[in-house]
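As stored in coords.cif (mmCIF, C-alpha atoms):
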```cif
data_query
loop_
_atom_site.label_atom_id
_atom_site.label_comp_id
_atom_site.auth_asym_id
_atom_site.auth_seq_id
_atom_site.Cartn_x
_atom_site.Cartn_y
_atom_site.Cartn_z
CA MET A 256 0.00 0.00 0.00
CA PHE A 257 1.41 3.37 -0.97
CA ILE A 258 1.03 5.18 2.32
CA PHE A 259 3.87 7.67 2.15
CA ASN A 260 1.94 10.72 1.00
CA LYS A 261 -1.62 9.87 2.02
CA VAL A 262 -3.51 11.16 5.03
CA LEU A 263 -4.81 7.91 6.48
CA LYS A 264 -8.16 7.41 8.14
CA ASP A 265 -8.11 6.52 11.82
CA ASP A 266 -9.18 2.92 11.17
CA ALA A 267 -6.24 2.41 8.83
CA LEU A 268 -3.87 3.97 11.37
CA LEU A 269 -5.13 1.71 14.16
CA GLN A 270 -4.81 -1.36 11.98
CA GLY A 271 -1.32 -0.40 10.93
CA LEU A 272 -0.20 0.15 14.52
CA GLN A 273 -1.72 -3.09 15.77
CA ALA A 274 -0.68 -5.28 12.84
CA GLY A 275 2.80 -5.56 14.26
CA THR A 276 4.66 -5.21 11.00
CA PRO A 277 7.99 -3.43 10.49
CA GLN A 278 5.91 -0.64 8.90
CA ARG A 279 4.55 0.24 12.34
CA ARG A 280 7.08 3.09 12.52
CA LEU A 281 5.58 4.60 9.34
CA TYR A 282 2.06 4.42 10.80
CA GLU A 283 3.33 6.07 14.00
CA ASN A 284 4.74 8.94 11.91
CA LYS A 285 1.49 9.20 9.94
CA LEU A 286 -0.47 9.45 13.19
CA TYR A 287 1.90 12.16 14.38
CA GLU A 288 1.58 14.13 11.14
CA LYS A 289 -2.19 13.79 10.89
CA TYR A 290 -2.96 15.59 14.13
CA HIS A 291 0.08 17.85 14.32
CA TYR A 292 -2.18 20.87 13.81
CA LEU A 293 -3.32 20.39 17.44
CA VAL A 294 0.06 21.83 18.52
CA ARG A 295 -0.74 25.30 17.20
CA GLU A 296 -4.22 25.18 18.72
CA ALA A 297 -2.72 24.21 22.08
CA CYS A 298 -0.32 27.18 21.96
CA PHE A 299 -3.29 29.55 21.73
CA LYS A 300 -5.61 27.67 24.05
CA HIS A 301 -3.19 26.92 26.87
CA LYS A 302 -0.83 29.86 26.31
CA ILE A 303 2.24 27.65 26.22
CA SER A 304 5.31 27.99 24.03
CA GLN A 305 5.69 26.13 20.74
CA ASP A 306 8.45 23.97 22.26
CA ASP A 307 6.34 22.98 25.27
CA ALA A 308 3.38 22.22 23.02
CA GLU A 309 5.57 20.11 20.71
CA SER A 310 6.97 18.19 23.67
CA ALA A 311 3.52 17.57 25.12
CA TYR A 312 2.25 16.47 21.71
CA SER A 313 5.10 13.98 21.22
CA ASP A 314 4.44 12.56 24.69
CA ALA A 315 0.75 12.27 23.91
CA ILE A 316 1.40 10.50 20.62
CA LEU A 317 3.78 8.01 22.26
CA THR A 318 1.22 7.32 24.98
CA VAL A 319 -1.53 6.75 22.43
CA ILE A 320 0.74 4.40 20.46
CA GLU A 321 1.50 2.42 23.61
CA HIS A 322 -2.18 2.16 24.43
CA VAL A 323 -3.12 1.14 20.90
CA VAL A 324 -0.38 -1.51 20.66
CA SER A 325 -1.18 -2.96 24.09
CA ARG A 326 -4.91 -2.86 23.23
CA ARG A 327 -5.53 -0.58 26.20
CA PHE A 328 -7.29 1.73 23.73
CA GLU A 329 -10.49 -0.18 23.02
CA GLY A 330 -11.95 2.12 20.39
CA ARG A 331 -14.88 3.26 22.51
CA SER A 332 -14.08 6.84 21.60
CA GLU A 333 -12.70 8.34 18.43
CA LEU A 334 -8.93 8.23 18.14
CA LYS A 335 -8.80 12.02 17.83
CA THR A 336 -10.86 12.44 21.00
CA TYR A 337 -8.58 10.05 22.86
CA LEU A 338 -5.43 11.77 21.65
CA THR A 339 -6.83 15.24 22.38
CA GLN A 340 -7.66 14.28 25.96
CA ILE A 341 -4.18 12.91 26.59
CA PHE A 342 -2.60 15.90 24.85
CA THR A 343 -4.62 18.32 26.98
CA ASN A 344 -3.43 16.55 30.12
CA LYS A 345 0.17 16.79 28.95
CA CYS A 346 -0.28 20.52 28.30
CA VAL A 347 -1.67 20.95 31.81
CA ASP A 348 1.39 19.13 33.18
CA SER A 349 3.58 21.49 31.20
CA ILE A 350 1.83 24.55 32.66
CA ARG A 351 2.13 23.15 36.18
CA LYS A 352 5.79 22.39 35.64
CA ASN A 353 6.47 25.94 34.38
CA THR A 354 4.45 27.80 36.97
CA THR A 355 4.87 25.87 40.20
CA ASN A 356 7.68 23.41 39.58
CA LYS A 357 5.37 20.72 40.91
CA ALA A 358 5.49 17.16 39.71
CA GLU A 359 3.39 16.02 36.75
CA VAL A 360 -0.17 15.02 37.44
CA HIS A 361 -0.36 12.69 34.47
CA THR A 362 2.89 10.71 34.59
CA ASN A 363 4.18 8.44 31.92
CA SER A 364 4.02 4.82 32.85
CA THR A 365 7.55 3.32 33.08
CA GLY A 366 6.09 -0.15 32.91
CA LEU A 367 7.48 -0.83 36.36
CA GLU A 368 4.15 -0.78 38.12
CA ASP A 369 2.48 -2.68 35.29
CA ALA A 370 5.01 -5.52 35.65
CA LEU A 371 4.96 -5.54 39.45
CA ALA A 372 1.16 -5.57 39.52
CA TRP A 373 1.25 -9.02 37.87
CA LEU A 374 3.13 -10.54 40.81
CA PRO A 375 1.18 -11.85 43.80
CA ASP A 376 1.29 -9.59 46.85
CA GLU A 377 3.90 -11.41 48.97
CA THR A 378 6.37 -11.77 46.12
CA GLN A 379 5.59 -8.27 44.85
CA SER A 380 6.84 -6.66 48.03
CA ALA A 381 9.92 -8.89 48.03
CA VAL A 382 10.79 -7.91 44.49
CA ARG A 383 9.90 -4.28 45.10
CA LYS A 384 12.46 -4.16 47.91
CA LEU A 385 15.11 -5.21 45.43
CA ILE A 386 14.19 -2.52 42.93
CA VAL A 387 15.61 0.94 43.29
CA GLU A 388 13.87 3.25 40.83
CA SER A 389 16.85 5.48 40.53
CA GLU A 390 18.80 2.48 39.27
CA ILE A 391 16.67 2.52 36.15
CA GLU A 392 18.58 5.59 35.02
CA THR A 393 21.84 3.76 35.63
CA LEU A 394 20.53 0.89 33.54
CA GLN A 395 19.65 3.34 30.78
CA GLN A 396 23.23 4.57 30.79
CA ARG A 397 24.55 1.00 30.61
CA LEU A 398 22.13 0.34 27.78
CA ARG A 399 23.60 3.22 25.78
CA ALA A 400 27.05 1.70 26.30
CA LEU A 401 26.03 -1.65 24.79
CA GLY A 402 26.99 -2.54 21.22
CA ASP A 403 24.70 -1.21 18.47
CA LYS A 404 22.94 -4.49 17.70
CA CYS A 405 22.21 -5.36 21.34
CA ARG A 406 21.11 -1.83 22.09
CA GLU A 407 18.73 -1.72 19.12
CA MET A 408 17.33 -5.08 20.05
CA ILE A 409 16.64 -4.15 23.66
CA LEU A 410 15.17 -0.78 22.63
CA ALA A 411 12.84 -2.52 20.17
CA TRP A 412 11.80 -4.83 23.01
CA GLY A 413 11.23 -1.75 25.18
CA GLU A 414 9.03 -0.23 22.48
CA GLY A 415 6.82 -3.29 22.60
CA TYR A 416 7.92 -5.03 19.42
CA THR A 417 7.53 -8.81 19.54
CA ASP A 418 10.42 -11.18 18.83
CA GLU A 419 8.77 -11.90 15.48
CA GLU A 420 8.85 -8.21 14.55
CA ILE A 421 12.40 -7.84 15.83
CA ALA A 422 13.45 -10.82 13.71
CA GLN A 423 11.89 -9.24 10.60
CA THR A 424 13.45 -5.81 11.07
CA MET A 425 16.86 -6.94 12.23
CA GLY A 426 17.30 -9.80 9.79
CA TYR A 427 17.10 -12.86 12.05
CA ASN A 428 15.87 -16.11 10.58
CA THR A 429 13.19 -16.79 13.15
CA ALA A 430 11.58 -15.25 16.21
CA ALA A 431 13.26 -17.90 18.36
CA VAL A 432 16.72 -16.87 17.14
CA ALA A 433 15.87 -13.21 17.78
CA LYS A 434 14.66 -14.06 21.25
CA THR A 435 17.83 -15.99 22.12
CA SER A 436 19.95 -13.03 20.92
CA ARG A 437 17.87 -10.63 22.90
CA LEU A 438 18.15 -12.62 26.11
CA ARG A 439 21.90 -12.82 25.56
CA CYS A 440 21.94 -9.02 25.24
CA LEU A 441 19.98 -8.73 28.47
CA GLU A 442 22.60 -10.89 30.17
CA LYS A 443 25.31 -8.58 28.85
CA LEU A 444 23.38 -5.61 30.19
CA LYS A 445 23.10 -7.33 33.55
CA GLU A 446 26.86 -7.93 33.66
CA LYS A 447 27.62 -4.28 32.82
CA TYR A 448 25.10 -3.12 35.38
CA LYS A 449 26.40 -5.37 38.16
CA SER A 450 30.00 -4.41 37.46
CA SER A 451 29.07 -0.72 37.65
CA ILE A 452 27.37 -1.10 41.04
CA GLY A 453 30.13 -3.35 42.31
CA GLY A 454 28.00 -6.42 42.30
CA MET B 193 15.69 -15.21 32.11
CA GLU B 194 13.55 -17.12 29.63
CA GLN B 195 11.24 -18.40 32.32
CA ILE B 196 10.94 -14.92 33.82
CA GLU B 197 9.93 -13.60 30.40
CA ALA B 198 7.41 -16.37 29.93
CA TYR B 199 5.91 -15.51 33.33
CA PHE B 200 5.50 -11.80 32.54
CA ASN B 201 4.30 -12.57 29.00
CA HIS B 202 1.62 -14.83 30.56
CA THR B 203 2.68 -17.80 28.48
CA LEU B 204 3.27 -20.24 31.39
CA SER B 205 0.67 -22.85 32.11
CA GLU B 206 -1.30 -22.53 35.34
CA ALA B 207 0.82 -25.18 37.03
CA GLU B 208 4.07 -23.55 35.83
CA ARG B 209 2.88 -20.16 37.02
CA ILE B 210 2.12 -21.45 40.51
CA GLN B 211 5.48 -23.22 40.64
CA PHE B 212 7.27 -20.03 39.57
CA GLU B 213 5.52 -17.91 42.21
CA GLN B 214 6.36 -20.51 44.89
CA ALA B 215 10.02 -20.46 43.84
CA LEU B 216 10.01 -16.66 43.91
CA LYS B 217 9.01 -16.70 47.59
CA SER B 218 11.83 -18.99 48.63
CA ASN B 219 14.61 -18.28 46.16
CA PRO B 220 16.32 -14.88 46.70
CA ALA B 221 18.48 -15.34 43.59
CA LEU B 222 15.34 -15.74 41.47
CA ALA B 223 13.81 -12.69 43.14
CA GLU B 224 16.93 -10.74 42.23
CA GLU B 225 16.72 -11.93 38.61
CA VAL B 226 13.07 -10.92 38.47
CA ALA B 227 13.93 -7.50 39.91
CA PHE B 228 16.60 -7.05 37.28
CA TRP B 229 14.26 -8.09 34.46
CA VAL B 230 11.60 -5.63 35.64
CA GLN B 231 14.14 -2.81 35.91
CA ALA B 232 15.70 -3.64 32.54
CA ARG B 233 12.28 -3.60 30.93
CA ALA B 234 11.49 -0.23 32.50
CA ALA B 235 14.88 1.15 31.41
CA ALA B 236 14.41 -0.14 27.88
CA GLN B 237 10.94 1.43 27.72
CA ALA B 238 12.19 4.77 29.08
CA GLU B 239 15.18 4.86 26.74
CA ALA B 240 13.12 3.81 23.70
CA ARG B 241 10.52 6.45 24.52
CA ALA B 242 13.17 9.17 24.89
CA ARG B 243 14.72 8.27 21.56
CA ARG B 244 11.39 8.07 19.78
CA LYS B 245 10.36 11.41 21.23
CA GLU B 246 13.49 12.98 19.78
CA GLU B 247 12.68 11.50 16.37
CA LEU B 248 9.12 12.84 16.54
CA THR B 249 10.38 16.29 17.58
CA GLN B 250 12.56 16.37 14.46
CA LEU B 251 9.57 15.27 12.41
CA GLY B 252 7.61 18.14 13.96
CA GLN B 253 10.32 20.62 12.96
CA GLN B 254 10.26 19.29 9.39
CA LEU B 255 6.47 19.69 9.31
CA GLN B 256 6.77 23.26 10.53
CA GLN B 257 9.36 24.08 7.87
CA LYS B 258 7.23 22.38 5.24
CA GLY B 259 4.23 24.41 6.40
CA ARG B 260 6.18 27.66 6.21
CA ARG B 261 7.45 26.75 2.74
CA SER B 262 3.94 25.87 1.58
CA LEU B 263 2.64 29.19 2.86
CA TYR B 264 5.49 31.02 1.14
CA TYR B 265 4.81 29.22 -2.15
CA ALA B 266 1.07 29.84 -1.87
CA LEU B 267 1.59 33.56 -1.22
CA SER B 268 4.14 33.78 -4.04
CA ALA B 269 1.76 32.03 -6.42
CA ALA B 270 -1.11 34.32 -5.40
CA ALA B 271 1.09 37.41 -5.81
CA SER B 272 2.23 36.19 -9.24
CA VAL B 273 -1.36 35.63 -10.35
CA VAL B 274 -2.39 39.09 -9.14
CA LEU B 275 0.62 40.66 -10.86
CA CYS B 276 -0.09 38.84 -14.13
CA LEU B 277 -3.74 39.81 -13.99
CA GLY B 278 -2.79 43.40 -13.24
CA ILE B 279 -0.31 43.58 -16.11
CA GLY B 280 -2.78 41.90 -18.46
CA TRP B 281 -5.51 44.30 -17.50
CA TYR B 282 -3.20 47.32 -17.92
CA VAL B 283 -2.04 46.13 -21.34
CA TRP B 284 -5.63 45.49 -22.42
CA LEU B 285 -6.67 48.90 -21.13
CA ARG B 286 -3.91 50.75 -22.99
CA LYS B 287 -4.67 48.74 -26.13
CA SER B 288 -8.39 49.48 -26.02
CA VAL B 289 -7.70 53.15 -25.37
CA GLY B 290 -5.07 53.31 -28.12
CA GLU B 291 -7.60 51.95 -30.62
CA SER B 292 -9.93 54.92 -30.05
CA ASN B 293 -10.10 57.96 -32.29
CA TYR B 294 -10.54 60.26 -29.35
CA THR B 295 -7.23 60.87 -27.75
CA GLN B 296 -5.55 63.55 -25.74
CA ALA B 297 -4.38 65.14 -29.00
CA TRP B 298 -7.94 65.37 -30.25
CA ALA B 299 -9.07 66.89 -26.92
CA GLN B 300 -6.19 69.37 -26.99
CA THR B 301 -7.20 70.55 -30.44
CA TYR B 302 -10.82 70.86 -29.34
CA VAL B 303 -9.88 72.94 -26.27
CA GLU B 304 -7.66 75.25 -28.29
CA THR B 305 -10.32 75.69 -30.94
CA ASN B 306 -13.39 76.10 -28.76
CA PHE B 307 -12.33 77.28 -25.32
CA SER B 308 -9.90 80.12 -26.03
CA THR B 309 -12.70 82.63 -25.41
CA LEU B 310 -16.06 82.58 -23.71
CA GLU B 311 -19.27 84.19 -24.88
CA GLY B 312 -20.85 86.75 -22.57
CA LEU B 313 -24.45 86.75 -21.30
CA LYS B 314 -26.73 89.73 -21.66
CA LEU B 315 -28.73 89.78 -18.42
CA GLY B 316 -29.29 92.83 -16.35
CA ASN B 317 -28.58 91.66 -12.80
CA ALA B 318 -25.71 91.59 -10.33
CA GLU B 319 -25.03 87.96 -10.88
CA ALA B 320 -24.79 88.49 -14.59
CA ASP B 321 -22.37 91.34 -13.85
CA SER B 322 -20.10 89.00 -11.93
CA LEU B 323 -20.38 86.44 -14.66
CA GLN B 324 -19.48 89.06 -17.27
CA LEU B 325 -16.54 90.12 -15.17
CA GLY B 326 -15.36 86.56 -15.01
CA ILE B 327 -15.82 86.05 -18.73
CA ARG B 328 -13.94 89.28 -19.47
CA SER B 329 -11.04 88.16 -17.28
CA TYR B 330 -11.07 84.77 -19.03
CA ASN B 331 -11.02 86.37 -22.48
CA GLU B 332 -8.22 88.71 -21.43
CA GLY B 333 -6.18 85.69 -20.39
CA ASP B 334 -6.36 86.39 -16.63
CA LEU B 335 -7.46 82.86 -15.84
CA GLN B 336 -6.69 83.02 -12.11
CA LYS B 337 -8.93 86.07 -11.66
CA ALA B 338 -11.63 84.40 -13.73
CA LYS B 339 -11.38 81.30 -11.52
CA VAL B 340 -11.82 83.36 -8.34
CA ILE B 341 -14.88 85.11 -9.74
CA PHE B 342 -16.59 81.93 -10.95
CA GLU B 343 -15.82 80.05 -7.68
CA ALA B 344 -17.27 82.95 -5.67
CA LEU B 345 -20.40 82.85 -7.83
CA LEU B 346 -20.77 79.14 -7.11
CA GLN B 347 -20.33 79.79 -3.39
CA ARG B 348 -23.26 82.17 -3.51
CA ASP B 349 -25.36 80.00 -5.77
CA SER B 350 -24.32 76.38 -6.31
CA THR B 351 -27.08 75.92 -8.89
CA ASN B 352 -25.59 78.45 -11.28
CA ALA B 353 -24.98 76.25 -14.31
CA GLU B 354 -23.10 78.90 -16.28
CA ALA B 355 -20.71 79.54 -13.38
CA GLU B 356 -20.18 75.80 -12.97
CA LYS B 357 -19.40 75.40 -16.67
CA ASN B 358 -17.06 78.38 -16.78
CA ALA B 359 -15.30 77.31 -13.57
CA GLY B 360 -14.69 73.97 -15.23
CA LEU B 361 -13.37 75.60 -18.38
CA VAL B 362 -10.99 77.81 -16.39
CA SER B 363 -9.68 74.75 -14.52
CA LEU B 364 -9.26 72.97 -17.85
CA ARG B 365 -7.25 75.84 -19.31
CA LEU B 366 -5.17 75.97 -16.12
CA LYS B 367 -4.52 72.21 -16.51
CA GLU B 368 -6.20 71.57 -13.14
CA TYR B 369 -7.89 68.53 -14.61
CA ASP B 370 -9.26 67.02 -11.40
CA GLN B 371 -11.08 70.21 -10.54
CA ALA B 372 -12.32 70.56 -14.12
CA ILE B 373 -13.63 66.98 -14.03
CA GLU B 374 -15.40 67.71 -10.76
CA HIS B 375 -17.15 70.83 -12.14
CA PHE B 376 -18.20 69.15 -15.37
CA HIS B 377 -19.37 66.02 -13.55
CA ARG B 378 -21.64 68.10 -11.30
CA LEU B 379 -22.92 69.89 -14.37
CA GLY B 380 -23.47 66.63 -16.24
CA THR B 381 -25.67 65.16 -13.50
CA ARG B 382 -28.17 68.02 -13.72
CA THR B 383 -31.46 67.20 -15.34
CA ASP B 384 -32.99 70.68 -15.31
CA LEU B 385 -31.01 72.15 -18.18
CA VAL B 386 -32.26 72.38 -21.75
CA SER B 387 -28.78 71.92 -23.08
CA ASN B 388 -26.13 70.30 -20.91
CA PRO B 389 -22.53 69.97 -22.14
CA GLY B 390 -21.38 68.54 -18.77
CA LYS B 391 -20.69 64.97 -19.85
CA PHE B 392 -19.01 66.02 -23.07
CA TYR B 393 -16.75 68.49 -21.30
CA GLU B 394 -16.03 65.96 -18.57
CA ALA B 395 -14.88 63.54 -21.31
CA ILE B 396 -12.63 66.29 -22.73
CA ALA B 397 -11.10 66.90 -19.30
CA LEU B 398 -10.56 63.15 -18.77
CA LEU B 399 -8.82 62.87 -22.14
CA MET B 400 -6.61 65.83 -21.27
CA LYS B 401 -5.62 64.12 -18.00
CA ASN B 402 -4.31 61.28 -20.18
CA GLU B 403 -4.21 58.27 -17.80
CA PRO B 404 -5.31 54.77 -18.85
CA LEU B 405 -8.23 54.69 -16.43
CA THR B 406 -9.37 58.22 -17.28
CA GLN B 407 -9.04 57.44 -20.99
CA LYS B 408 -11.40 54.54 -20.56
CA SER B 409 -13.88 56.66 -18.60
CA ALA B 410 -13.71 59.35 -21.29
CA GLN B 411 -14.49 56.78 -24.00
CA ASN B 412 -17.50 55.59 -22.04
CA LEU B 413 -18.75 59.15 -21.59
CA LEU B 414 -18.32 59.98 -25.27
CA ASN B 415 -20.24 56.81 -26.19
CA GLU B 416 -23.02 57.97 -23.87
CA VAL B 417 -23.03 61.48 -25.39
CA LYS B 418 -23.26 59.98 -28.86
CA ARG B 419 -25.90 57.44 -27.94
CA ASP B 420 -28.17 59.90 -26.09
CA LYS B 421 -27.43 62.80 -28.48
CA LEU B 422 -26.33 65.04 -25.62
CA GLU B 423 -24.62 68.34 -26.28
CA GLY B 424 -21.40 67.72 -28.19
CA TRP B 425 -22.63 64.54 -29.89
CA LYS B 426 -21.92 65.94 -33.33
CA GLU B 427 -18.24 66.17 -32.41
CA VAL B 428 -18.11 62.44 -31.76
CA GLU B 429 -20.00 61.12 -34.76
#
```
Would you write out, as C-alpha cells, the structure that this file holds?
Amino acid sequence: MFIFNKVLKDDALLQGLQAGTPQRRLYENKLYEKYHYLVREACFKHKISQDDAESAYSDAILTVIEHVVSRRFEGRSELKTYLTQIFTNKCVDSIRKNTTNKAEVHTNSTGLEDALAWLPDETQSAVRKLIVESEIETLQQRLRALGDKCREMILAWGEGYTDEEIAQTMGYNTAAVAKTSRLRCLEKLKEKYKSSIGG
Amino acid sequence: MEQIEAYFNHTLSEAERIQFEQALKSNPALAEEVAFWVQARAAAQAEARARRKEELTQLGQQLQQKGRRSLYYALSAAASVVLCLGIGWYVWLRKSVGESNYTQAWAQTYVETNFSTLEGLKLGNAEADSLQLGIRSYNEGDLQKAKVIFEALLQRDSTNAEAEKNAGLVSLRLKEYDQAIEHFHRLGTRTDLVSNPGKFYEAIALLMKNEPLTQKSAQNLLNEVKRDKLEGWKEVE
C-alpha cells in the first residue's frame, strides 16, 4: 500500500499500529503528522510555548501508540478524542511544571508498576524491595554503552515489538533466534550493570 | 531469564505459574533476577521512549518548515497571479484606449479651438455682472482672476450652471484637470437644463488628464453622449 503521501483514516492507522509489521514506525509517523495541527491550537488555548506544546504532543502520541499496541485503547471513543484528551493533560502538566515546579499530574508509565502488579502480593513486596527506581537511570546509561545491535534489540523490546517483529526488522531467521539473541543481550546488560554497582 | 519472560508474558501454564511464584518466595536469587528483568524492561521502555520522542520532535520541525514553505509558495503564487492579472488588464486597457479615435491630442485641439474665449451673457442683474466680469477676465487671459470670480459665484449659488461650466473651463485651461472633471461632472448630473454639455466636457477633461483609467472613462462618456445625443454629440460622430 502506498502510504507515504496519504492522510490515512483513523481505522487504517489503528490497523497499521496493531498489525505488528515493520511498517509500524511509518504508521506512528502518519499518526503524528495527521494531528500535528493540534500543537498550534494548544499554543493559543493553553498559552504555552511552541516547544512545550511540541513536547507535550510527542508525549501524547507516544502514549496513544503504547495504548493502541497494548490494546488498552479499546476504540470506545474516536482516536482524535482520545489523543486530544491525553494531549490536553500533557499541556496541563507542562503549565504546572512551568508555573509551580510541581510534579506532573499525568505521569508516563515506566512499565514498572504494570510488571509488578502481575506478581502476587507477597512476592511483589519482596521484588519491590530489590528494585531501586533510581537504578533505572543507571541501567539506561549502561544500555547506551552496549553494542549497536544489542542496544537496538533491547530498545525494540522496550518499544513493545515482539520477537517476530524484531526478527523481521533486524534480519534474524526466526523469532526464536531473535529471542535468544535478545536474552543474551539482556545478560550482557546485567553484567555491565552489576559491574558498575560493584555487584 | 527465559522463564521470567514467559511468566511476565503470561505464556506459562497454570501449574508452571504457581510453581514459579512458589520459587520466587523462597529463592532470593530468582527474586533478584526478576527485579533485574523488571528494571531492565522499564529502562528499555524509558530509553526507547526518549529516543522516539526525539525522532518525533525532528519530524515536527520538518512539518513546521514544510508548512512555512507551503505558505510562502502559496503567497508567491497568489502574488504572481495578481501581478499577471494586473499587467494583463493594464495592457488590455492601454490597447483598447489606443484603438480609439478620441485621444488627448484630439481633446487638446478641441480645447484650443473652442475654449480660447467665452461668450458673454446679456442679463441685467448683479449675478450676470459678476459672470461678465469673469468672462472678461477669461477672455483677457487672466485665468486666475476668472477662476476666483466663478468660484465665488458658485459659493453664492451652487445651482448656477453657467458659473459651474465656466469654472470647469478655467480649470481645464489651467490644466487643473481634477477640478475641471469635478465641475463638469456636477454639471453633467443636472437634469434641469435644456442643453447640458457637462458629460461632453467631462470627457474632454478626462482625455486631457491622459491616464489609462481616465481614458477609458472618457471613452465611455463619449459613447453615452453619442448614444443619447447630448450636447457635443456631433463632435463624436
Report as JSON, numbers by chain the full result of the PyMOL selection byres ((chain B) within 6 of (chain A)) when it is applied to this structure. {"B": [217, 223, 227, 231, 234, 235, 236, 237, 240, 245]}
Could you put an axis-aligned box around every listed atom of range 423-428 of chain A, padded by 8 Å on each side, and send me its centre and edge lengths in Å to one decimal, as AutoDock Vina command-line options?
```
--center_x 14.6 --center_y -11.0 --center_z 11.0 --size_x 21.4 --size_y 26.3 --size_z 18.4
```
As an exercise, work out the distance from CA of Ala207 in chain B to CA of Trp229 in chain B in Å and give it to one decimal place.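 Taking CA of Ala207 in chain B and CA of Trp229 in chain B, their separation equals 21.9 Å.
Residues captured in this structure file are Ile373, Phe376, His377, Arg378, Leu379, Ile396, Ala397, Leu398, Leu399, Ala410, Leu413, Leu414, Val417, Glu423 and Gly424 of chain B, according to the PyMOL selection byres ((chain B and resi 380-395) around 7).
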Work out how far CA of Arg260 in chain B is from CA of Leu277 in chain B, in Å to one decimal.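 Between these atoms lies a distance of 25.6 Å.
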Env of range 266-269 of chain A: 10 Å cut, atoms = all atoms listed in the file, seq-sep filter 3 positions within chain, self excluded. Answer as a ChimeraX atom specification. /A:262-263,272-274,279,281-286,289,320,323-324,328,330,333-334
Suppose you want the space between CA of Ile327 in chain B and CA of Asn306 in chain B; what is it in Å? 14.3 Å
Translate the PyMOL selection byres ((chain A and resi 298) around 12) into a concrete residue list for this structure, as a list in words. Tyr292, Leu293, Val294, Arg295, Glu296, Ala297, Phe299, Lys300, His301, Lys302, Ile303, Ser304, Gln305, Asp306, Asp307, Ala308, Glu309, Ser310, Ala311, Tyr312, Phe342, Thr343, Cys346, Val347, Ser349 and Ile350 of chain A
Taking 5 positions as the minimum chain separation for residues in the same chain, which residues sit within 7 Å of Ala315 in chain A when counting all atoms listed in the file? Answer as a PyMOL selection string. chain A and resi 338+341-342+345
